[in-house]
file start39.cif (mmCIF, C-alpha atoms)
data_protein
loop_
_atom_site.group_PDB
_atom_site.id
_atom_site.type_symbol
_atom_site.label_atom_id
_atom_site.label_comp_id
_atom_site.auth_asym_id
_atom_site.auth_seq_id
_atom_site.Cartn_x
_atom_site.Cartn_y
_atom_site.Cartn_z
ATOM 1 C CA MET A 4 0.000 0.000 0.000
ATOM 2 C CA GLN A 5 3.041 2.273 -0.384
ATOM 3 C CA ASP A 6 1.462 3.912 -3.447
ATOM 4 C CA ILE A 7 -1.478 5.557 -1.667
ATOM 5 C CA GLU A 8 -1.763 9.264 -2.447
ATOM 6 C CA ILE A 9 -4.290 11.853 -1.330
ATOM 7 C CA GLY A 10 -6.697 12.566 -4.157
ATOM 8 C CA ALA A 11 -6.060 9.225 -5.860
ATOM 9 C CA GLU A 12 -9.084 7.266 -7.070
ATOM 10 C CA ILE A 13 -9.161 3.595 -6.204
ATOM 11 C CA PRO A 14 -10.184 1.083 -8.924
ATOM 12 C CA THR A 15 -13.936 1.101 -9.567
ATOM 13 C CA PHE A 16 -16.417 -1.744 -9.055
ATOM 14 C CA VAL A 17 -19.081 -1.900 -11.787
ATOM 15 C CA ARG A 18 -22.333 -3.838 -12.106
ATOM 16 C CA GLN A 19 -25.558 -3.576 -14.104
ATOM 17 C CA PRO A 20 -27.945 -4.755 -11.412
ATOM 18 C CA GLY A 21 -31.400 -6.105 -12.149
ATOM 19 C CA LEU A 22 -33.726 -8.749 -10.791
ATOM 20 C CA HIS A 23 -31.002 -11.442 -10.938
ATOM 21 C CA HIS A 24 -28.884 -9.386 -8.542
ATOM 22 C CA TRP A 25 -31.743 -8.126 -6.373
ATOM 23 C CA ASN A 26 -33.334 -11.551 -6.006
ATOM 24 C CA ARG A 27 -30.042 -13.103 -4.945
ATOM 25 C CA TYR A 28 -29.533 -10.322 -2.431
ATOM 26 C CA ALA A 29 -33.112 -10.669 -1.186
ATOM 27 C CA ALA A 30 -32.459 -14.376 -0.697
ATOM 28 C CA VAL A 31 -29.382 -13.940 1.514
ATOM 29 C CA ASN A 32 -30.663 -10.903 3.421
ATOM 30 C CA ASP A 33 -34.280 -12.143 3.640
ATOM 31 C CA GLU A 34 -35.314 -8.808 2.098
ATOM 32 C CA PHE A 35 -38.359 -9.536 -0.044
ATOM 33 C CA VAL A 36 -39.933 -6.113 -0.407
ATOM 34 C CA PRO A 37 -42.345 -5.484 -3.311
ATOM 35 C CA ILE A 38 -40.464 -2.332 -4.503
ATOM 36 C CA HIS A 39 -37.416 -4.548 -5.162
ATOM 37 C CA MET A 40 -39.345 -7.248 -7.019
ATOM 38 C CA ASP A 41 -42.261 -5.668 -8.810
ATOM 39 C CA ASP A 42 -42.269 -2.767 -11.303
ATOM 40 C CA GLU A 43 -45.799 -1.812 -10.334
ATOM 41 C CA ALA A 44 -44.782 -1.457 -6.683
ATOM 42 C CA GLY A 45 -41.748 0.603 -7.755
ATOM 43 C CA ARG A 46 -43.977 2.930 -9.797
ATOM 44 C CA ALA A 47 -46.448 3.267 -6.913
ATOM 45 C CA ALA A 48 -43.527 4.495 -4.793
ATOM 46 C CA GLY A 49 -42.666 7.155 -7.385
ATOM 47 C CA TYR A 50 -39.960 5.425 -9.472
ATOM 48 C CA PRO A 51 -39.980 4.219 -13.090
ATOM 49 C CA SER A 52 -39.541 0.529 -12.171
ATOM 50 C CA ALA A 53 -38.630 -1.821 -9.373
ATOM 51 C CA PHE A 54 -35.299 -0.799 -7.889
ATOM 52 C CA GLY A 55 -32.429 -2.400 -6.033
ATOM 53 C CA GLN A 56 -31.958 -2.616 -2.294
ATOM 54 C CA GLY A 57 -30.043 0.196 -0.631
ATOM 55 C CA ASN A 58 -28.292 -2.575 1.256
ATOM 56 C CA LEU A 59 -26.902 -3.946 -2.017
ATOM 57 C CA GLN A 60 -25.423 -0.518 -2.800
ATOM 58 C CA TRP A 61 -23.956 -0.728 0.693
ATOM 59 C CA SER A 62 -22.310 -4.029 -0.230
ATOM 60 C CA TYR A 63 -20.961 -2.523 -3.471
ATOM 61 C CA LEU A 64 -19.316 0.241 -1.417
ATOM 62 C CA HIS A 65 -17.666 -2.457 0.699
ATOM 63 C CA ASN A 66 -16.675 -4.360 -2.446
ATOM 64 C CA VAL A 67 -14.905 -1.381 -4.014
ATOM 65 C CA VAL A 68 -12.966 -0.810 -0.801
ATOM 66 C CA ARG A 69 -12.174 -4.506 -0.297
ATOM 67 C CA GLN A 70 -10.868 -5.071 -3.824
ATOM 68 C CA TRP A 71 -8.495 -2.140 -3.328
ATOM 69 C CA MET A 72 -7.299 -2.803 0.228
ATOM 70 C CA GLY A 73 -6.822 -6.564 -0.139
ATOM 71 C CA ASP A 74 -6.797 -9.052 2.729
ATOM 72 C CA GLU A 75 -4.334 -6.972 4.785
ATOM 73 C CA GLY A 76 -6.621 -3.976 5.102
ATOM 74 C CA THR A 77 -9.299 -3.409 7.713
ATOM 75 C CA ILE A 78 -12.518 -1.467 7.147
ATOM 76 C CA GLU A 79 -12.870 0.368 10.446
ATOM 77 C CA ARG A 80 -15.840 2.518 9.567
ATOM 78 C CA ILE A 81 -18.115 3.118 6.617
ATOM 79 C CA ALA A 82 -21.169 5.320 6.192
ATOM 80 C CA CYS A 83 -23.422 6.334 3.341
ATOM 81 C CA SER A 84 -26.735 7.915 2.593
ATOM 82 C CA PHE A 85 -29.078 6.598 -0.059
ATOM 83 C CA ARG A 86 -29.898 9.463 -2.406
ATOM 84 C CA GLY A 87 -31.018 7.757 -5.576
ATOM 85 C CA ALA A 88 -32.605 4.488 -6.565
ATOM 86 C CA ASN A 89 -30.857 1.947 -8.751
ATOM 87 C CA VAL A 90 -33.676 1.329 -11.225
ATOM 88 C CA LYS A 91 -33.629 -1.304 -13.964
ATOM 89 C CA GLY A 92 -31.109 -1.026 -16.777
ATOM 90 C CA GLN A 93 -28.730 1.326 -14.976
ATOM 91 C CA ASN A 94 -25.043 0.673 -14.649
ATOM 92 C CA VAL A 95 -23.890 1.210 -11.099
ATOM 93 C CA THR A 96 -20.248 2.097 -10.505
ATOM 94 C CA ALA A 97 -18.749 2.195 -7.032
ATOM 95 C CA HIS A 98 -15.916 4.702 -6.608
ATOM 96 C CA GLY A 99 -13.481 5.757 -3.928
ATOM 97 C CA ARG A 100 -11.096 8.682 -3.579
ATOM 98 C CA VAL A 101 -8.446 8.997 -0.864
ATOM 99 C CA THR A 102 -8.927 12.110 1.271
ATOM 100 C CA SER A 103 -6.358 11.626 4.035
ATOM 101 C CA ILE A 104 -3.538 9.355 5.151
ATOM 102 C CA ALA A 105 -2.166 9.257 8.676
ATOM 103 C CA ASP A 106 0.167 6.962 10.586
ATOM 104 C CA GLU A 107 -1.315 6.256 14.003
ATOM 105 C CA GLY A 108 1.016 3.997 15.975
ATOM 106 C CA PRO A 109 1.028 0.590 14.323
ATOM 107 C CA ARG A 110 -1.730 1.581 11.859
ATOM 108 C CA ARG A 111 -1.770 3.566 8.664
ATOM 109 C CA VAL A 112 -5.254 5.068 8.539
ATOM 110 C CA VAL A 113 -6.696 6.080 5.176
ATOM 111 C CA GLU A 114 -9.920 8.068 4.832
ATOM 112 C CA ILE A 115 -11.791 7.652 1.571
ATOM 113 C CA ASP A 116 -14.817 9.285 0.012
ATOM 114 C CA VAL A 117 -16.873 6.463 -1.454
ATOM 115 C CA TRP A 118 -19.945 6.591 -3.640
ATOM 116 C CA THR A 119 -21.990 4.701 -6.173
ATOM 117 C CA GLU A 120 -23.209 6.487 -9.264
ATOM 118 C CA ASN A 121 -25.266 5.744 -12.361
ATOM 119 C CA GLU A 122 -24.008 6.228 -15.918
ATOM 120 C CA ALA A 123 -25.358 9.802 -15.928
ATOM 121 C CA GLY A 124 -22.872 10.506 -13.135
ATOM 122 C CA GLU A 125 -25.604 10.965 -10.518
ATOM 123 C CA GLN A 126 -24.561 9.773 -7.091
ATOM 124 C CA LEU A 127 -26.819 7.084 -5.673
ATOM 125 C CA ALA A 128 -25.087 6.373 -2.379
ATOM 126 C CA PRO A 129 -22.367 8.832 -1.314
ATOM 127 C CA GLY A 130 -20.424 8.187 1.862
ATOM 128 C CA THR A 131 -17.080 7.802 3.566
ATOM 129 C CA ALA A 132 -14.872 4.945 4.691
ATOM 130 C CA ARG A 133 -11.951 4.612 7.082
ATOM 131 C CA VAL A 134 -9.510 1.831 6.270
ATOM 132 C CA SER A 135 -6.382 0.857 8.152
ATOM 133 C CA PHE A 136 -3.281 -1.095 7.210
ATOM 134 C CA PRO A 137 -0.348 -2.294 9.256
ATOM 135 C CA ALA A 138 2.108 0.649 9.100
ATOM 136 C CA GLY A 139 5.511 0.256 7.467
ATOM 137 C CA MET B 12 -35.580 20.917 13.669
ATOM 138 C CA SER B 13 -34.186 24.056 12.075
ATOM 139 C CA GLY B 14 -33.640 25.557 8.651
ATOM 140 C CA SER B 15 -35.908 26.570 5.827
ATOM 141 C CA ASP B 16 -37.096 23.012 5.156
ATOM 142 C CA ALA B 17 -38.473 22.592 8.698
ATOM 143 C CA PRO B 18 -42.000 21.238 8.261
ATOM 144 C CA SER B 19 -44.987 23.142 9.555
ATOM 145 C CA ARG B 20 -46.666 19.883 10.561
ATOM 146 C CA THR B 21 -45.481 16.799 12.401
ATOM 147 C CA VAL B 22 -46.361 13.123 12.473
ATOM 148 C CA VAL B 23 -44.233 12.474 15.576
ATOM 149 C CA SER B 24 -46.683 11.899 18.427
ATOM 150 C CA ASP B 25 -45.925 12.342 22.119
ATOM 151 C CA ALA B 26 -45.862 8.554 22.464
ATOM 152 C CA MET B 27 -43.274 8.293 19.673
ATOM 153 C CA ARG B 28 -41.145 11.009 21.253
ATOM 154 C CA ALA B 29 -41.353 9.291 24.631
ATOM 155 C CA ALA B 30 -40.189 6.020 23.067
ATOM 156 C CA ILE B 31 -36.818 7.407 21.939
ATOM 157 C CA GLY B 32 -34.094 5.367 23.595
ATOM 158 C CA SER B 33 -36.309 2.319 24.060
ATOM 159 C CA GLU B 34 -35.063 -1.131 23.175
ATOM 160 C CA MET B 35 -36.692 -2.291 19.926
ATOM 161 C CA GLY B 36 -35.306 -5.758 19.796
ATOM 162 C CA ARG B 37 -32.740 -8.250 20.892
ATOM 163 C CA ALA B 38 -31.763 -11.281 18.853
ATOM 164 C CA VAL B 39 -29.179 -14.044 18.824
ATOM 165 C CA SER B 40 -28.196 -15.563 15.500
ATOM 166 C CA TYR B 41 -27.730 -19.217 14.758
ATOM 167 C CA PRO B 42 -24.051 -20.144 14.417
ATOM 168 C CA ILE B 43 -22.744 -18.698 11.145
ATOM 169 C CA SER B 44 -21.895 -21.400 8.598
ATOM 170 C CA VAL B 45 -19.344 -21.326 5.782
ATOM 171 C CA SER B 46 -22.291 -21.815 3.424
ATOM 172 C CA ASP B 47 -24.023 -18.685 4.787
ATOM 173 C CA ILE B 48 -20.859 -16.675 4.142
ATOM 174 C CA ARG B 49 -20.328 -18.165 0.687
ATOM 175 C CA LYS B 50 -23.888 -17.464 -0.438
ATOM 176 C CA TRP B 51 -23.733 -13.894 0.844
ATOM 177 C CA ALA B 52 -20.486 -13.330 -1.036
ATOM 178 C CA ILE B 53 -21.923 -14.829 -4.231
ATOM 179 C CA ALA B 54 -24.972 -12.550 -4.006
ATOM 180 C CA VAL B 55 -23.062 -9.306 -3.438
ATOM 181 C CA TYR B 56 -20.408 -10.004 -6.089
ATOM 182 C CA TYR B 57 -22.824 -11.520 -8.635
ATOM 183 C CA PRO B 58 -22.224 -12.280 -11.474
ATOM 184 C CA GLU B 59 -18.462 -12.448 -10.834
ATOM 185 C CA GLU B 60 -16.668 -14.866 -8.543
ATOM 186 C CA PRO B 61 -16.358 -13.545 -5.004
ATOM 187 C CA PRO B 62 -12.938 -13.169 -3.325
ATOM 188 C CA ARG B 63 -11.426 -16.452 -2.145
ATOM 189 C CA LEU B 64 -11.235 -15.158 1.447
ATOM 190 C CA PHE B 65 -14.979 -15.805 1.641
ATOM 191 C CA TRP B 66 -15.110 -19.386 0.346
ATOM 192 C CA ASP B 67 -11.681 -21.042 -0.117
ATOM 193 C CA GLU B 68 -10.548 -22.538 3.209
ATOM 194 C CA GLU B 69 -6.988 -23.229 2.066
ATOM 195 C CA TYR B 70 -6.531 -19.751 0.661
ATOM 196 C CA ALA B 71 -8.127 -18.074 3.680
ATOM 197 C CA ALA B 72 -5.919 -20.052 6.107
ATOM 198 C CA ARG B 73 -2.827 -18.431 4.566
ATOM 199 C CA THR B 74 -4.105 -14.858 5.009
ATOM 200 C CA VAL B 75 -3.800 -12.615 8.073
ATOM 201 C CA HIS B 76 -7.287 -13.829 8.998
ATOM 202 C CA ALA B 77 -6.078 -17.455 9.346
ATOM 203 C CA GLY B 78 -9.381 -18.737 7.982
ATOM 204 C CA ILE B 79 -12.604 -17.766 6.269
ATOM 205 C CA VAL B 80 -14.239 -14.595 7.548
ATOM 206 C CA ALA B 81 -17.562 -13.057 6.542
ATOM 207 C CA PRO B 82 -17.770 -9.892 4.467
ATOM 208 C CA GLU B 83 -17.956 -6.996 6.924
ATOM 209 C CA GLU B 84 -21.578 -6.200 6.033
ATOM 210 C CA PHE B 85 -22.774 -9.840 6.306
ATOM 211 C CA ASN B 86 -26.130 -10.261 8.075
ATOM 212 C CA PRO B 87 -26.460 -13.458 10.173
ATOM 213 C CA PHE B 88 -30.055 -12.664 11.179
ATOM 214 C CA GLY B 89 -31.834 -13.462 7.915
ATOM 215 C CA TRP B 90 -34.661 -16.011 7.747
ATOM 216 C CA MET B 91 -34.629 -17.223 11.376
ATOM 217 C CA THR B 92 -32.836 -16.523 14.598
ATOM 218 C CA ALA B 93 -31.945 -18.739 17.564
ATOM 219 C CA VAL B 94 -33.481 -16.094 19.860
ATOM 220 C CA PRO B 95 -36.305 -15.316 19.453
ATOM 221 C CA ALA B 96 -36.915 -18.844 18.195
ATOM 222 C CA GLY B 97 -39.167 -19.749 15.313
ATOM 223 C CA LEU B 98 -40.218 -17.988 12.181
ATOM 224 C CA PRO B 99 -39.654 -14.227 12.124
ATOM 225 C CA PRO B 100 -42.654 -11.884 11.906
ATOM 226 C CA SER B 101 -44.480 -12.070 8.574
ATOM 227 C CA SER B 102 -43.075 -10.054 5.698
ATOM 228 C CA GLU B 103 -46.328 -8.095 5.811
ATOM 229 C CA PHE B 104 -45.398 -6.966 9.316
ATOM 230 C CA ARG B 105 -41.739 -6.414 8.458
ATOM 231 C CA ASN B 106 -42.647 -4.319 5.418
ATOM 232 C CA ASP B 107 -45.222 -2.304 7.377
ATOM 233 C CA PRO B 108 -44.035 1.314 7.480
ATOM 234 C CA ASP B 109 -45.317 1.471 11.077
ATOM 235 C CA ARG B 110 -43.240 -1.533 12.139
ATOM 236 C CA THR B 111 -40.949 0.532 14.401
ATOM 237 C CA GLU B 112 -43.805 1.840 16.499
ATOM 238 C CA ARG B 113 -45.793 -1.414 16.399
ATOM 239 C CA THR B 114 -42.698 -3.150 17.770
ATOM 240 C CA LEU B 115 -42.691 -0.646 20.634
ATOM 241 C CA GLY B 116 -46.426 -1.095 21.229
ATOM 242 C CA ILE B 117 -47.445 2.426 20.220
ATOM 243 C CA PRO B 118 -49.410 3.795 17.240
ATOM 244 C CA GLY B 119 -47.277 4.657 14.205
ATOM 245 C CA PRO B 120 -47.493 7.737 12.003
ATOM 246 C CA GLY B 121 -49.320 5.822 9.251
ATOM 247 C CA LEU B 122 -47.122 6.953 6.380
ATOM 248 C CA LYS B 123 -47.417 4.890 3.229
ATOM 249 C CA PHE B 124 -43.890 4.314 1.948
ATOM 250 C CA GLN B 125 -40.508 3.641 3.479
ATOM 251 C CA LEU B 126 -36.968 3.727 2.140
ATOM 252 C CA ASN B 127 -33.549 2.985 3.523
ATOM 253 C CA GLY B 128 -32.079 6.440 4.157
ATOM 254 C CA GLY B 129 -28.553 5.571 5.150
ATOM 255 C CA LEU B 130 -26.184 3.625 7.333
ATOM 256 C CA GLU B 131 -23.204 4.368 9.543
ATOM 257 C CA VAL B 132 -21.166 1.480 10.896
ATOM 258 C CA ASP B 133 -18.073 1.133 13.078
ATOM 259 C CA TYR B 134 -16.614 -2.343 12.767
ATOM 260 C CA GLY B 135 -14.913 -4.399 15.452
ATOM 261 C CA VAL B 136 -13.805 -8.012 15.068
ATOM 262 C CA ARG B 137 -14.689 -9.989 11.943
ATOM 263 C CA MET B 138 -17.494 -12.565 11.900
ATOM 264 C CA ARG B 139 -16.297 -16.131 11.371
ATOM 265 C CA PRO B 140 -17.860 -19.550 10.830
ATOM 266 C CA GLY B 141 -19.288 -20.806 14.109
ATOM 267 C CA ASP B 142 -19.870 -17.335 15.570
ATOM 268 C CA GLN B 143 -23.192 -16.571 17.242
ATOM 269 C CA ILE B 144 -23.989 -12.890 17.102
ATOM 270 C CA THR B 145 -26.168 -10.991 19.577
ATOM 271 C CA SER B 146 -27.855 -7.815 18.373
ATOM 272 C CA ILE B 147 -29.486 -5.185 20.572
ATOM 273 C CA THR B 148 -31.357 -2.369 18.817
ATOM 274 C CA ARG B 149 -32.673 0.891 20.255
ATOM 275 C CA LEU B 150 -34.773 3.676 18.782
ATOM 276 C CA ALA B 151 -32.309 6.557 18.451
ATOM 277 C CA GLY B 152 -34.530 9.377 17.246
ATOM 278 C CA TYR B 153 -36.882 11.042 14.788
ATOM 279 C CA ARG B 154 -36.515 14.093 12.560
ATOM 280 C CA GLU B 155 -38.714 15.487 9.800
ATOM 281 C CA ARG B 156 -38.465 17.692 6.752
ATOM 282 C CA GLU B 157 -40.447 18.551 3.655
ATOM 283 C CA GLY B 158 -39.096 16.761 0.589
ATOM 284 C CA ARG B 159 -39.894 16.070 -3.036
ATOM 285 C CA LEU B 160 -42.438 13.467 -1.982
ATOM 286 C CA GLY B 161 -44.053 15.484 0.835
ATOM 287 C CA LEU B 162 -43.362 15.266 4.551
ATOM 288 C CA MET B 163 -40.408 12.950 5.129
ATOM 289 C CA LEU B 164 -39.932 11.266 8.511
ATOM 290 C CA PHE B 165 -36.377 10.100 9.287
ATOM 291 C CA THR B 166 -36.202 7.409 11.961
ATOM 292 C CA SER B 167 -32.818 6.313 13.311
ATOM 293 C CA SER B 168 -32.118 3.125 15.206
ATOM 294 C CA GLU B 169 -28.836 2.010 16.708
ATOM 295 C CA SER B 170 -27.703 -1.586 16.915
ATOM 296 C CA THR B 171 -24.792 -3.158 18.750
ATOM 297 C CA TRP B 172 -23.595 -6.590 17.683
ATOM 298 C CA THR B 173 -21.333 -8.755 19.816
ATOM 299 C CA ASN B 174 -20.070 -12.290 19.331
ATOM 300 C CA GLN B 175 -20.125 -15.225 21.747
ATOM 301 C CA ASN B 176 -16.919 -13.902 23.362
ATOM 302 C CA ASP B 177 -18.545 -10.512 24.039
ATOM 303 C CA GLU B 178 -16.308 -8.885 21.447
ATOM 304 C CA LEU B 179 -17.808 -5.952 19.566
ATOM 305 C CA VAL B 180 -18.578 -6.902 15.953
ATOM 306 C CA LYS B 181 -20.175 -3.647 14.922
ATOM 307 C CA ARG B 182 -22.090 -0.624 16.077
ATOM 308 C CA SER B 183 -24.463 0.730 13.473
ATOM 309 C CA THR B 184 -27.039 3.421 12.942
ATOM 310 C CA VAL B 185 -29.726 2.881 10.321
ATOM 311 C CA THR B 186 -31.986 5.672 9.103
ATOM 312 C CA VAL B 187 -35.319 4.800 7.545
ATOM 313 C CA ILE B 188 -37.200 7.455 5.559
ATOM 314 C CA ARG B 189 -40.987 7.311 5.566
ATOM 315 C CA TYR B 190 -43.284 9.460 3.473
#
call {"tool": "encode", "arguments": {"input": "start39.cif", "output": "structure tokens"}}
result
Amino acid sequence: MQDIEIGAEIPTFVRQPGLHHWNRYAAVNDEFVPIHMDDEAGRAAGYPSAFGQGNLQWSYLHNVVRQWMGDEGTIERIACSFRGANVKGQNVTAHGRVTSIADEGPRRVVEIDVWTENEAGEQLAPGTARVSFPAG
Amino acid sequence: MSGSDAPSRTVVSDAMRAAIGSEMGRAVSYPISVSDIRKWAIAVYYPEEPPRLFWDEEYAARTVHAGIVAPEEFNPFGWMTAVPAGLPPSSEFRNDPDRTERTLGIPGPGLKFQLNGGLEVDYGVRMRPGDQITSITRLAGYREREGRLGLMLFTSSESTWTNQNDELVKRSTVTVIRY
């Protein structure tokens, strides 16, 4: 992790989620909510179709951090708000950008802005993460 | 409440306000299995193969984790819990926008829709196969504002998860938006 620089973007994590993704997530999280399964329910809630679980966006934010930090890293904290729905047919890209790096005793602590966005560049789930690595 | 988007009406009753801080639930998971972890990882990385740390015992044994661990955001409480025993409440109840208040035995605000507003989590030790996780959840608070879809009610709850060794697994705050 010697190459970390403030302002650097970490590699993205990209998916085009739809019912195959949402159903699998519903199955492991026991999250069978009509708005995530049924276009009519999505429209009744004010969206153009069924849409993905916020919790799946949450996993994508973890995925983008995990694929960058590797097995040595530790996610100490992560937070996000859900601003936009991942409706059908949208690409979702999870991003991260390093905002600070500090050595704290045996840990190197890296703060990252994280977010998912659609292909129009609209943020769906912006947030922050704190990751640590063994220093040195 | 403050600011120009402060609503001129409220759906937060005195009973709801009085319930802030109350315990909403306490649960103990069944022991986490390697299959639970593997299926979670498959779902959240679909359609690509998940990292080997989550399913390959030999690989995971050679990492700093010395064995398979669960993805940080893994939920061991899906489908059924050891405590309370038996089937969870019906999905009709769980999807009821008034579930928070019904759980606390008070009338809810009767709003029609609910969305996941956001999450904040501090992580402790990783979850591993065989772990039994205890979760305690409290109602943390309510706030309201006028939004695109009318009056929006933000309800926060805080959960603390510990493992069978009383080690902190995570402390999280979930915000649900109702409108």
call {"tool": "residues_around", "arguments": {"input": "start39.cif", "residues": "range 151-164 of chain B", "least_positions_apart": "4", "cutoff": "9 Å", "atoms": "all atoms listed in the file", "output": "ChimeraX atom specification"}}
result
/A:49 /B:12,16-23,27-28,30-33,122,168-169,184,187-190
call {"tool": "axis_aligned_box", "arguments": {"input": "start39.cif", "around": "range 26-39 of chain A", "padding_each_side": "4 Å", "output": "AutoDock Vina command-line options"}}
result
--center_x -35.9 --center_y -8.4 --center_z -1.2 --size_x 21.0 --size_y 20.0 --size_z 17.6
call {"tool": "resolve_selection", "arguments": {"input": "start39.cif", "expression": "the PyMOL selection byres ((chain B) within 6 of (chain A))", "output": "JSON, numbers by chain"}}
result
{"B": [51, 54, 89, 90, 128, 129, 130, 131, 132, 133, 134]}
call {"tool": "write_last_selection", "arguments": {"input": "start39.cif", "atoms": "C-alpha atoms", "output": "mmCIF file, in the frame of the given file"}}
result
data_model
loop_
_atom_site.group_PDB
_atom_site.id
_atom_site.type_symbol
_atom_site.label_atom_id
_atom_site.label_comp_id
_atom_site.auth_asym_id
_atom_site.auth_seq_id
_atom_site.Cartn_x
_atom_site.Cartn_y
_atom_site.Cartn_z
ATOM 1 C CA TRP B 51 -23.733 -13.894 0.844
ATOM 2 C CA ALA B 54 -24.972 -12.550 -4.006
ATOM 3 C CA GLY B 89 -31.834 -13.462 7.915
ATOM 4 C CA TRP B 90 -34.661 -16.011 7.747
ATOM 5 C CA GLY B 128 -32.079 6.440 4.157
ATOM 6 C CA GLY B 129 -28.553 5.571 5.150
ATOM 7 C CA LEU B 130 -26.184 3.625 7.333
ATOM 8 C CA GLU B 131 -23.204 4.368 9.543
ATOM 9 C CA VAL B 132 -21.166 1.480 10.896
ATOM 10 C CA ASP B 133 -18.073 1.133 13.078
ATOM 11 C CA TYR B 134 -16.614 -2.343 12.767
#
call {"tool": "atom_distance", "arguments": {"input": "start39.cif", "atom1": "CA of Asp25 in chain B", "atom2": "CA of Thr111 in chain B"}}
result
15.0 Å
call {"tool": "closest_residue", "arguments": {"input": "start39.cif", "among": "A:Arg110, A:Ala138, A:Gly21, A:Asn94", "to": "Gln126 in chain A", "atoms": "all atoms listed in the file"}}
result
A:Asn94
call {"tool": "residues_around", "arguments": {"input": "start39.cif", "residues": "range 64-70 of chain B", "least_positions_apart": "2", "cutoff": "12 Å", "atoms": "all atoms listed in the file", "output": "VMD selection string"}}
result
(chain A and resid 69 to 70 73 to 75) or (chain B and resid 44 to 56 60 to 62 72 to 83 85 137 to 140)
call {"tool": "resolve_selection", "arguments": {"input": "start39.cif", "expression": "the PyMOL selection byres ((chain B and resi 145) around 7)", "output": "JSON, numbers by chain"}}
result
{"B": [38, 39, 40, 143, 144, 146, 147, 172, 173, 174]}
call {"tool": "resolve_selection", "arguments": {"input": "start39.cif", "expression": "the PyMOL selection byres ((chain A and resi 8) around 9)", "output": "list in words"}}
result
Gln5, Asp6, Ile7, Ile9, Gly10, Ala11, Glu12, Val101, Thr102, Ser103 and Ile104 of chain A
call {"tool": "atom_distance", "arguments": {"input": "start39.cif", "atom1": "CA of Ala93 in chain B", "atom2": "CA of Pro42 in chain B"}}
result
8.6 Å
call {"tool": "atom_distance", "arguments": {"input": "start39.cif", "atom1": "CA of Gln125 in chain B", "atom2": "CA of Gly99 in chain A"}}
result
28.1 Å
call {"tool": "closest_residue", "arguments": {"input": "start39.cif", "among": "B:Ser170, B:Asp142, B:Arg37, B:Gly121", "to": "Pro95 in chain B", "atoms": "all atoms listed in the file"}}
result
B:Arg37
call {"tool": "residues_around", "arguments": {"input": "start39.cif", "residues": "Ile13 in chain A", "least_positions_apart": "4", "cutoff": "9 Å", "atoms": "all atoms listed in the file", "output": "PyMOL selection string"}}
result
chain A and resi 67-68+71+98-101
call {"tool": "closest_residue", "arguments": {"input": "start39.cif", "among": "B:Gly141, B:Leu98, B:Thr166, B:Thr92", "to": "Leu126 in chain B", "atoms": "all atoms listed in the file"}}
result
B:Thr166
